[in-house]
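*Asks:* So here's upload38.tsv, just TSV, C-alpha atoms:
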```tsv
chain	number	residue	atom	x	y	z
A	1	MET	CA	26.81	-49.10	73.30
A	2	LEU	CA	25.65	-45.68	72.03
A	3	GLU	CA	22.09	-44.41	72.29
A	4	LEU	CA	20.55	-41.05	71.43
A	5	ARG	CA	17.05	-40.38	72.74
A	6	SER	CA	14.95	-37.54	71.29
A	7	VAL	CA	18.05	-35.48	70.55
A	8	GLY	CA	17.43	-31.99	69.20
A	9	MET	CA	19.85	-29.27	68.14
A	10	HIS	CA	18.91	-25.64	67.49
A	11	PHE	CA	21.13	-22.87	66.12
A	12	GLY	CA	19.03	-19.84	66.92
A	13	ALA	CA	15.80	-20.29	64.97
A	14	VAL	CA	17.29	-23.04	62.81
A	15	GLU	CA	16.36	-26.59	63.85
A	16	ALA	CA	19.27	-28.78	62.74
A	17	LEU	CA	17.96	-31.90	64.51
A	18	VAL	CA	14.49	-32.67	65.88
A	19	ASP	CA	13.77	-35.62	68.21
A	20	VAL	CA	16.34	-37.98	66.67
A	21	ASP	CA	16.78	-41.46	68.15
A	22	LEU	CA	19.77	-43.68	67.38
A	23	ARG	CA	21.14	-46.95	68.71
A	24	LEU	CA	24.51	-48.39	67.74
A	25	GLY	CA	26.17	-51.53	69.07
A	26	ALA	CA	29.66	-53.01	69.06
A	27	GLY	CA	30.75	-54.39	65.69
A	28	GLU	CA	27.83	-52.67	63.93
A	29	VAL	CA	28.04	-50.30	60.98
A	30	VAL	CA	25.24	-47.73	60.73
A	31	GLY	CA	25.06	-45.70	57.53
A	32	LEU	CA	23.80	-42.15	58.09
A	33	MET	CA	22.29	-40.69	54.94
A	34	GLY	CA	20.47	-37.55	53.91
A	35	ASP	CA	20.70	-34.54	51.62
A	36	ASN	CA	22.93	-31.54	52.33
A	37	GLY	CA	21.58	-29.75	55.39
A	38	ALA	CA	19.72	-32.81	56.66
A	39	GLY	CA	21.61	-32.77	59.97
A	40	LYS	CA	24.13	-35.58	59.45
A	41	SER	CA	27.26	-33.62	60.38
A	42	THR	CA	25.50	-32.05	63.35
A	43	LEU	CA	24.58	-35.49	64.69
A	44	LEU	CA	28.12	-36.76	64.18
A	45	LYS	CA	29.56	-33.74	66.01
A	46	ILE	CA	27.20	-34.34	68.94
A	47	VAL	CA	28.50	-37.90	69.26
A	48	ALA	CA	32.08	-36.63	68.91
A	49	GLY	CA	31.48	-34.13	71.72
A	50	ASN	CA	31.89	-31.01	69.57
A	51	PHE	CA	28.27	-29.93	70.15
A	52	SER	CA	26.06	-30.30	73.21
A	53	PRO	CA	22.49	-31.12	72.14
A	54	THR	CA	19.80	-28.55	72.86
A	55	SER	CA	17.46	-31.30	74.03
A	56	GLY	CA	17.35	-35.05	74.52
A	57	ARG	CA	19.76	-37.53	76.06
A	58	VAL	CA	23.01	-39.20	75.04
A	59	LEU	CA	23.72	-42.57	76.66
A	60	TRP	CA	26.89	-44.67	76.64
A	61	ASP	CA	26.62	-48.24	77.89
A	62	GLY	CA	23.19	-47.32	79.26
A	63	ALA	CA	24.35	-44.33	81.34
A	64	ASP	CA	23.67	-40.66	80.59
A	65	VAL	CA	26.76	-38.76	79.47
A	66	GLU	CA	27.63	-35.16	78.61
A	67	LEU	CA	30.22	-35.42	75.89
A	68	SER	CA	33.18	-33.17	75.13
A	69	PRO	CA	35.94	-34.00	72.63
A	70	LEU	CA	38.15	-35.16	75.52
A	71	SER	CA	35.51	-37.21	77.35
A	72	ALA	CA	34.35	-38.78	74.07
A	73	ARG	CA	37.92	-39.93	73.36
A	74	GLU	CA	38.25	-41.25	76.92
A	75	LEU	CA	35.09	-43.32	76.38
A	76	GLY	CA	36.52	-44.75	73.16
A	77	ILE	CA	34.90	-42.52	70.51
A	78	GLU	CA	37.16	-41.39	67.67
A	79	ALA	CA	36.18	-39.24	64.67
A	80	VAL	CA	37.73	-39.16	61.19
A	81	TYR	CA	36.50	-36.05	59.39
A	82	GLN	CA	36.37	-35.52	55.66
A	83	ASP	CA	39.49	-33.32	55.54
A	84	LEU	CA	41.43	-36.05	57.47
A	85	ALA	CA	43.61	-33.40	59.21
A	86	LEU	CA	46.89	-34.95	58.04
A	87	CYS	CA	50.28	-33.22	57.70
A	88	ASP	CA	51.51	-33.80	54.13
A	89	ASN	CA	55.15	-33.18	55.01
A	90	LEU	CA	55.26	-35.91	57.67
A	91	SER	CA	55.46	-39.68	57.39
A	92	ALA	CA	52.54	-42.03	57.97
A	93	ALA	CA	53.92	-43.00	61.38
A	94	ALA	CA	54.37	-39.37	62.43
A	95	ASN	CA	50.76	-38.64	61.47
A	96	VAL	CA	49.45	-41.68	63.34
A	97	PHE	CA	51.16	-40.49	66.53
A	98	LEU	CA	50.62	-36.76	65.99
A	99	GLY	CA	50.02	-35.25	69.42
A	100	ARG	CA	50.56	-38.64	71.08
A	101	GLU	CA	54.24	-39.20	70.29
A	102	LEU	CA	56.19	-41.94	72.05
A	103	SER	CA	59.45	-41.05	73.76
A	104	ARG	CA	62.39	-42.80	75.38
A	105	ARG	CA	65.19	-41.71	77.71
A	106	MET	CA	68.65	-41.21	76.23
A	107	PHE	CA	71.37	-41.92	78.79
A	108	GLY	CA	68.51	-42.51	81.23
A	109	VAL	CA	67.81	-38.77	81.44
A	110	LEU	CA	67.21	-36.92	78.17
A	111	PRO	CA	63.76	-37.54	76.62
A	112	VAL	CA	63.82	-38.08	72.84
A	113	LEU	CA	61.19	-39.21	70.36
A	114	ASP	CA	61.11	-42.97	69.88
A	115	HIS	CA	60.73	-43.04	66.09
A	116	ALA	CA	61.47	-46.78	65.85
A	117	ALA	CA	58.67	-47.68	68.27
A	118	MET	CA	56.22	-45.40	66.43
A	119	ARG	CA	57.14	-46.96	63.09
A	120	ARG	CA	56.69	-50.49	64.48
A	121	LYS	CA	53.31	-49.72	66.03
A	122	SER	CA	52.11	-47.93	62.88
A	123	ALA	CA	53.13	-50.92	60.75
A	124	GLU	CA	51.17	-53.19	63.10
A	125	LEU	CA	48.08	-51.00	62.78
A	126	PHE	CA	48.29	-50.95	58.97
A	127	ALA	CA	48.69	-54.74	58.96
A	128	GLU	CA	45.62	-55.13	61.22
A	129	LEU	CA	43.65	-52.96	58.80
A	130	GLY	CA	44.89	-54.93	55.80
A	131	SER	CA	46.41	-51.81	54.24
A	132	ASP	CA	49.58	-51.68	52.14
A	133	THR	CA	50.44	-48.25	53.59
A	134	ARG	CA	54.05	-48.08	54.80
A	135	ALA	CA	55.00	-46.31	58.01
A	136	ASP	CA	57.92	-44.36	56.48
A	137	ASP	CA	56.06	-43.05	53.42
A	138	LEU	CA	55.32	-39.32	53.29
A	139	VAL	CA	51.61	-38.50	53.27
A	140	ARG	CA	51.98	-36.13	50.29
A	141	GLN	CA	53.03	-39.11	48.16
A	142	MET	CA	50.00	-41.22	49.12
A	143	SER	CA	46.78	-42.08	47.32
A	144	GLY	CA	43.41	-41.12	48.77
A	145	GLY	CA	42.89	-44.65	50.06
A	146	GLN	CA	46.25	-44.69	51.81
A	147	ARG	CA	45.51	-41.32	53.42
A	148	GLN	CA	42.27	-42.74	54.79
A	149	ALA	CA	44.24	-45.69	56.15
A	150	VAL	CA	46.55	-43.29	58.01
A	151	ALA	CA	43.58	-41.36	59.47
A	152	ILE	CA	41.83	-44.58	60.51
A	153	ALA	CA	45.05	-46.02	61.98
A	154	ARG	CA	45.41	-42.83	64.04
A	155	ALA	CA	41.86	-43.36	65.33
A	156	ARG	CA	42.62	-47.04	65.93
A	157	LEU	CA	45.70	-46.20	68.02
A	158	SER	CA	43.60	-45.64	71.15
A	159	SER	CA	41.68	-48.93	70.67
A	160	PRO	CA	38.36	-47.13	70.12
A	161	ARG	CA	34.96	-48.76	70.60
A	162	LEU	CA	33.24	-46.40	68.15
A	163	VAL	CA	34.65	-44.71	65.03
A	164	LEU	CA	32.81	-41.86	63.30
A	165	LEU	CA	33.57	-41.61	59.57
A	166	ASP	CA	32.57	-38.50	57.61
A	167	GLU	CA	32.46	-39.12	53.84
A	168	PRO	CA	35.51	-41.45	53.79
A	169	THR	CA	35.09	-42.32	50.10
A	170	ALA	CA	34.55	-38.80	48.74
A	171	ALA	CA	36.79	-37.69	45.85
A	172	ILE	CA	38.87	-40.88	45.53
A	173	SER	CA	39.13	-43.46	42.76
A	174	VAL	CA	37.13	-46.68	42.47
A	175	ARG	CA	40.15	-48.78	43.50
A	176	GLN	CA	40.79	-46.56	46.51
A	177	ILE	CA	37.10	-46.73	47.49
A	178	ALA	CA	37.40	-50.53	47.59
A	179	GLU	CA	40.41	-50.17	49.91
A	180	VAL	CA	38.50	-47.88	52.29
A	181	LEU	CA	35.50	-50.22	52.38
A	182	GLU	CA	37.86	-53.05	53.32
A	183	LEU	CA	39.22	-50.89	56.14
A	184	ILE	CA	35.66	-50.44	57.43
A	185	ARG	CA	34.99	-54.18	57.25
A	186	SER	CA	38.25	-54.82	59.11
A	187	LEU	CA	37.20	-52.49	61.94
A	188	ARG	CA	33.80	-54.18	62.17
A	189	GLU	CA	35.42	-57.61	62.39
A	190	GLN	CA	37.46	-56.32	65.33
A	191	GLY	CA	34.24	-55.39	67.16
A	192	VAL	CA	34.44	-51.64	66.55
A	193	GLY	CA	31.14	-49.82	66.03
A	194	ILE	CA	31.04	-47.42	63.08
A	195	LEU	CA	28.80	-44.46	62.27
A	196	LEU	CA	29.31	-43.78	58.57
A	197	ILE	CA	28.20	-40.61	56.77
A	198	SER	CA	28.22	-40.99	53.01
A	199	HIS	CA	26.47	-39.71	49.91
A	200	ARG	CA	27.58	-42.79	47.99
A	201	MET	CA	24.65	-45.18	48.11
A	202	SER	CA	26.63	-48.17	46.81
A	203	ASP	CA	29.25	-47.79	49.55
A	204	VAL	CA	26.66	-47.66	52.33
A	205	PHE	CA	24.83	-50.72	51.04
A	206	ALA	CA	28.17	-52.55	50.69
A	207	VAL	CA	29.20	-52.23	54.36
A	208	ALA	CA	26.33	-50.97	56.55
A	209	ASP	CA	24.21	-53.25	58.72
A	210	ARG	CA	21.56	-50.54	59.16
A	211	ILE	CA	20.71	-47.31	57.39
A	212	LEU	CA	19.39	-44.23	59.16
A	213	VAL	CA	17.96	-41.49	56.93
A	214	LEU	CA	17.59	-37.86	57.98
A	215	ARG	CA	15.49	-35.27	56.16
A	216	ARG	CA	15.40	-31.65	57.34
A	217	GLY	CA	16.72	-32.67	60.73
A	218	ARG	CA	14.20	-35.44	61.36
A	219	LYS	CA	14.73	-39.19	61.25
A	220	VAL	CA	12.52	-40.63	58.52
A	221	ALA	CA	13.90	-44.19	58.46
A	222	ASP	CA	16.04	-46.60	60.47
A	223	LYS	CA	16.09	-49.95	58.69
A	224	LEU	CA	18.22	-53.02	58.23
A	225	THR	CA	20.13	-52.68	54.99
A	226	ALA	CA	18.79	-56.05	53.87
A	227	ASP	CA	15.22	-54.76	54.24
A	228	SER	CA	15.74	-51.64	52.14
A	229	SER	CA	17.00	-50.67	48.69
A	230	PRO	CA	18.85	-47.77	47.05
A	231	GLU	CA	15.60	-46.72	45.39
A	232	GLU	CA	13.76	-46.55	48.72
A	233	VAL	CA	16.57	-44.61	50.42
A	234	THR	CA	16.69	-42.14	47.52
A	235	ALA	CA	12.93	-41.63	47.82
A	236	LEU	CA	13.26	-41.08	51.56
A	237	ILE	CA	16.05	-38.54	51.10
A	238	THR	CA	14.13	-36.55	48.49
A	239	GLY	CA	10.76	-36.77	50.26
A	240	ALA	CA	9.05	-38.90	47.61
A	241	ILE	CA	8.42	-41.30	50.51
A	242	GLU	CA	7.60	-39.57	53.78
A	243	ALA	CA	8.89	-42.27	56.14
A	244	ALA	CA	9.70	-45.98	56.31
```
Could you write out this file's structure as structure tokens?

*Replies:*
Amino acid sequence: MLELRSVGMHFGAVEALVDVDLRLGAGEVVGLMGDNGAGKSTLLKIVAGNFSPTSGRVLWDGADVELSPLSARELGIEAVYQDLALCDNLSAAANVFLGRELSRRMFGVLPVLDHAAMRRKSAELFAELGSDTRADDLVRQMSGGQRQAVAIARARLSSPRLVLLDEPTAAISVRQIAEVLELIRSLREQGVGILLISHRMSDVFAVADRILVLRRGRKVADKLTADSSPEEVTALITGAIEAA
């Protein structure tokens, strides 16, 4: 589905990515790991269309593409960033449909927001994800896991083929982490591809099919999770092992 070939990204004299290859298929979870400054966020933003790579090729379904945020969304790529970009004063349903609100015609003429339809669809999305989040609840009253469910439901609204997750389990409790991991498994079961950035080794090994490790902008490993271990990945991240 997604393929990066020899992708490089320079910011002036700084090489954020150097000759990185990546392949990701439907219903596959790839864990992207590395230390701070390794190039993880840069790679994610290239796939999301926020950055155009300095060199290399990006392919979607085997065809070369030049991604922008709009064209990435049209292809079926949705990103959920670490800050989630939710409005605390709005309900879950309002956040799911933020910028994509549904409307109906009153008296056949006057357009008004169709809150009932948005609540129904939001409830369906939360049920599909196996979340107990309720459409009418205000985001400011939600746990970290429920907030992630809202952000993922918003991404799910457009029936994406690929979801990019940036540190989805950062700064939340153990129980909430379990909820988020279940959301990821639910997306995978629905055939959605997932690129997952995380510093939490246990989370990546719990849900990822493959692990890709970056160090100083270079890919040093791309292995099946079953063929690796937390100790090996840690060594790859720190440089104790050069490559695997």

*Asks:* May I ask which of the residues A:Pro111, A:Gly8, A:Gly130, A:Gly144 is the closest one to Pro168 (chain A), counting all atoms listed in the file?

*Replies:* A:Gly144

*Asks:* Which residue gives the smallest distance to Leu70 (chain A) among A:Asp83, A:Asn50, A:Val163, A:Val204, with all atoms listed in the file counted?

*Replies:* A:Asn50

*Asks:* How many Å lie between CA of Leu165 (chain A) and CA of Gln82 (chain A), rounded to one decimal?

*Replies:*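 Answer for the CA of Leu165 (chain A) to CA of Gln82 (chain A) separation: 7.8 Å.
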
*Asks:* Ranking A:Lys40, A:Arg161, A:Met9, A:Met106 by minimum distance to Trp60 (chain A) and counting only C-alpha atoms, which one comes first?

*Replies:*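 Nearest candidate to Trp60 (chain A) out of A:Lys40, A:Arg161, A:Met9, A:Met106: A:Arg161.
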
*Asks:* Rounded to one decimal place, report the CA of Arg5 (chain A)-CA of Asp19 (chain A) distance in Å.

*Replies:*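 CA of Arg5 (chain A) sits 7.3 Å away from CA of Asp19 (chain A).
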
*Asks:* For Glu3 (chain A), which residue out of A:Leu67, A:Leu125, A:Leu110, A:Leu22 is the nearest one, using all atoms listed in the file?

*Replies:* A:Leu22

*Asks:* Rank nothing, just name the residue among A:Glu182, A:Leu4, A:Ser158, A:Glu15 nearest to Val65 (chain A), using all atoms listed in the file.

*Replies:*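 Closest residue, counting all atoms listed in the file: A:Leu4.
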
*Asks:* With a distance cut-off of 9 Å and only C-alpha atoms, select the neighbouring residues of Gln176 (chain A), excluding the residue or stretch itself and same-chain residues fewer than 5 positions from it, and output the selection as a CSV table (one decimal) with C-alpha atoms, in the frame of the given file.

*Replies:*
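Output contents, as saved in out07.csv:
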```
chain,number,residue,atom,x,y,z
A,143,SER,CA,46.8,-42.1,47.3
A,144,GLY,CA,43.4,-41.1,48.8
A,145,GLY,CA,42.9,-44.6,50.1
A,146,GLN,CA,46.2,-44.7,51.8
A,169,THR,CA,35.1,-42.3,50.1
A,181,LEU,CA,35.5,-50.2,52.4
```

*Asks:* Please compute the CA of Ala79 (chain A)-CA of Ala155 (chain A) distance, one decimal, in Å.

*Replies:*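 Going from CA of Ala79 (chain A) over to CA of Ala155 (chain A) covers 7.0 Å.
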
*Asks:* Rank A:Val150, A:Gln141, A:Thr42, A:Val58 by their smallest atom-to-atom distance to Leu84 (chain A), using all atoms listed in the file, and report the top residue only.

*Replies:*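 Once distances to Leu84 (chain A) are computed over all atoms listed in the file, the minimum belongs to A:Val150.
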
*Asks:* Could you give me, as a tab-separated table (two decimals) with C-alpha atoms, in the frame of the given file, the residues within 10 Å of Val30 (chain A), counting all atoms listed in the file and dropping anything in the same chain fewer than 5 positions from it?

*Replies:*
```
chain	number	residue	atom	x	y	z
A	22	LEU	CA	19.77	-43.68	67.38
A	23	ARG	CA	21.14	-46.95	68.71
A	24	LEU	CA	24.51	-48.39	67.74
A	25	GLY	CA	26.17	-51.53	69.07
A	164	LEU	CA	32.81	-41.86	63.30
A	193	GLY	CA	31.14	-49.82	66.03
A	194	ILE	CA	31.04	-47.42	63.08
A	195	LEU	CA	28.80	-44.46	62.27
A	196	LEU	CA	29.31	-43.78	58.57
A	197	ILE	CA	28.20	-40.61	56.77
A	204	VAL	CA	26.66	-47.66	52.33
A	207	VAL	CA	29.20	-52.23	54.36
A	208	ALA	CA	26.33	-50.97	56.55
A	209	ASP	CA	24.21	-53.25	58.72
A	210	ARG	CA	21.56	-50.54	59.16
A	211	ILE	CA	20.71	-47.31	57.39
A	212	LEU	CA	19.39	-44.23	59.16
A	222	ASP	CA	16.04	-46.60	60.47
A	223	LYS	CA	16.09	-49.95	58.69
A	224	LEU	CA	18.22	-53.02	58.23
A	225	THR	CA	20.13	-52.68	54.99
```

*Asks:* Write out as a PyMOL selection string the residues lying within 12 Å of Leu214 (chain A), counting only C-alpha atoms and excluding same-chain residues fewer than 5 positions away.

*Replies:* chain A and resi 16-22+31-43+197+219-222+233-239+242-244

*Asks:* At a cut-off of 9 Å, using only C-alpha atoms, what residues contact Thr133 (chain A)? Leave out same-chain residues fewer than 3 positions from it and give the result as a PyMOL selection string.

*Replies:* chain A and resi 92+123+126-127+130+136-137+142+146-147+149-150

*Asks:* Could those selected residues go to a file with C-alpha atoms, as a PDB file, in the frame of the given file?

*Replies:*
```pdb
ATOM      1  CA  ALA A  92      52.540 -42.030  57.970  1.00  0.00           C
ATOM      2  CA  ALA A 123      53.130 -50.920  60.750  1.00  0.00           C
ATOM      3  CA  PHE A 126      48.290 -50.950  58.970  1.00  0.00           C
ATOM      4  CA  ALA A 127      48.690 -54.740  58.960  1.00  0.00           C
ATOM      5  CA  GLY A 130      44.890 -54.930  55.800  1.00  0.00           C
ATOM      6  CA  ASP A 136      57.920 -44.360  56.480  1.00  0.00           C
ATOM      7  CA  ASP A 137      56.060 -43.050  53.420  1.00  0.00           C
ATOM      8  CA  MET A 142      50.000 -41.220  49.120  1.00  0.00           C
ATOM      9  CA  GLN A 146      46.250 -44.690  51.810  1.00  0.00           C
ATOM     10  CA  ARG A 147      45.510 -41.320  53.420  1.00  0.00           C
ATOM     11  CA  ALA A 149      44.240 -45.690  56.150  1.00  0.00           C
ATOM     12  CA  VAL A 150      46.550 -43.290  58.010  1.00  0.00           C
TER      13      VAL A 150
END
```

*Asks:* Which residues, written as an MDAnalysis selection string, have at least one atom at most 12 Å from Arg154 (chain A), with only C-alpha atoms counted and residues fewer than 5 positions away on the same chain left out?

*Replies:* chainID A and resid 78:80 84:86 92:101 118 121:126 129 135 147:149 159:160 163

*Asks:* Restricting it to C-alpha atoms, dump the selection as a PDB file, in the frame of the given file.

*Replies:*
```
ATOM      1  CA  GLU A  78      37.160 -41.390  67.670  1.00  0.00           C
ATOM      2  CA  ALA A  79      36.180 -39.240  64.670  1.00  0.00           C
ATOM      3  CA  VAL A  80      37.730 -39.160  61.190  1.00  0.00           C
ATOM      4  CA  LEU A  84      41.430 -36.050  57.470  1.00  0.00           C
ATOM      5  CA  ALA A  85      43.610 -33.400  59.210  1.00  0.00           C
ATOM      6  CA  LEU A  86      46.890 -34.950  58.040  1.00  0.00           C
ATOM      7  CA  ALA A  92      52.540 -42.030  57.970  1.00  0.00           C
ATOM      8  CA  ALA A  93      53.920 -43.000  61.380  1.00  0.00           C
ATOM      9  CA  ALA A  94      54.370 -39.370  62.430  1.00  0.00           C
ATOM     10  CA  ASN A  95      50.760 -38.640  61.470  1.00  0.00           C
ATOM     11  CA  VAL A  96      49.450 -41.680  63.340  1.00  0.00           C
ATOM     12  CA  PHE A  97      51.160 -40.490  66.530  1.00  0.00           C
ATOM     13  CA  LEU A  98      50.620 -36.760  65.990  1.00  0.00           C
ATOM     14  CA  GLY A  99      50.020 -35.250  69.420  1.00  0.00           C
ATOM     15  CA  ARG A 100      50.560 -38.640  71.080  1.00  0.00           C
ATOM     16  CA  GLU A 101      54.240 -39.200  70.290  1.00  0.00           C
ATOM     17  CA  MET A 118      56.220 -45.400  66.430  1.00  0.00           C
ATOM     18  CA  LYS A 121      53.310 -49.720  66.030  1.00  0.00           C
ATOM     19  CA  SER A 122      52.110 -47.930  62.880  1.00  0.00           C
ATOM     20  CA  ALA A 123      53.130 -50.920  60.750  1.00  0.00           C
ATOM     21  CA  GLU A 124      51.170 -53.190  63.100  1.00  0.00           C
ATOM     22  CA  LEU A 125      48.080 -51.000  62.780  1.00  0.00           C
ATOM     23  CA  PHE A 126      48.290 -50.950  58.970  1.00  0.00           C
ATOM     24  CA  LEU A 129      43.650 -52.960  58.800  1.00  0.00           C
ATOM     25  CA  ALA A 135      55.000 -46.310  58.010  1.00  0.00           C
ATOM     26  CA  ARG A 147      45.510 -41.320  53.420  1.00  0.00           C
ATOM     27  CA  GLN A 148      42.270 -42.740  54.790  1.00  0.00           C
ATOM     28  CA  ALA A 149      44.240 -45.690  56.150  1.00  0.00           C
ATOM     29  CA  SER A 159      41.680 -48.930  70.670  1.00  0.00           C
ATOM     30  CA  PRO A 160      38.360 -47.130  70.120  1.00  0.00           C
ATOM     31  CA  VAL A 163      34.650 -44.710  65.030  1.00  0.00           C
TER      32      VAL A 163
END
```
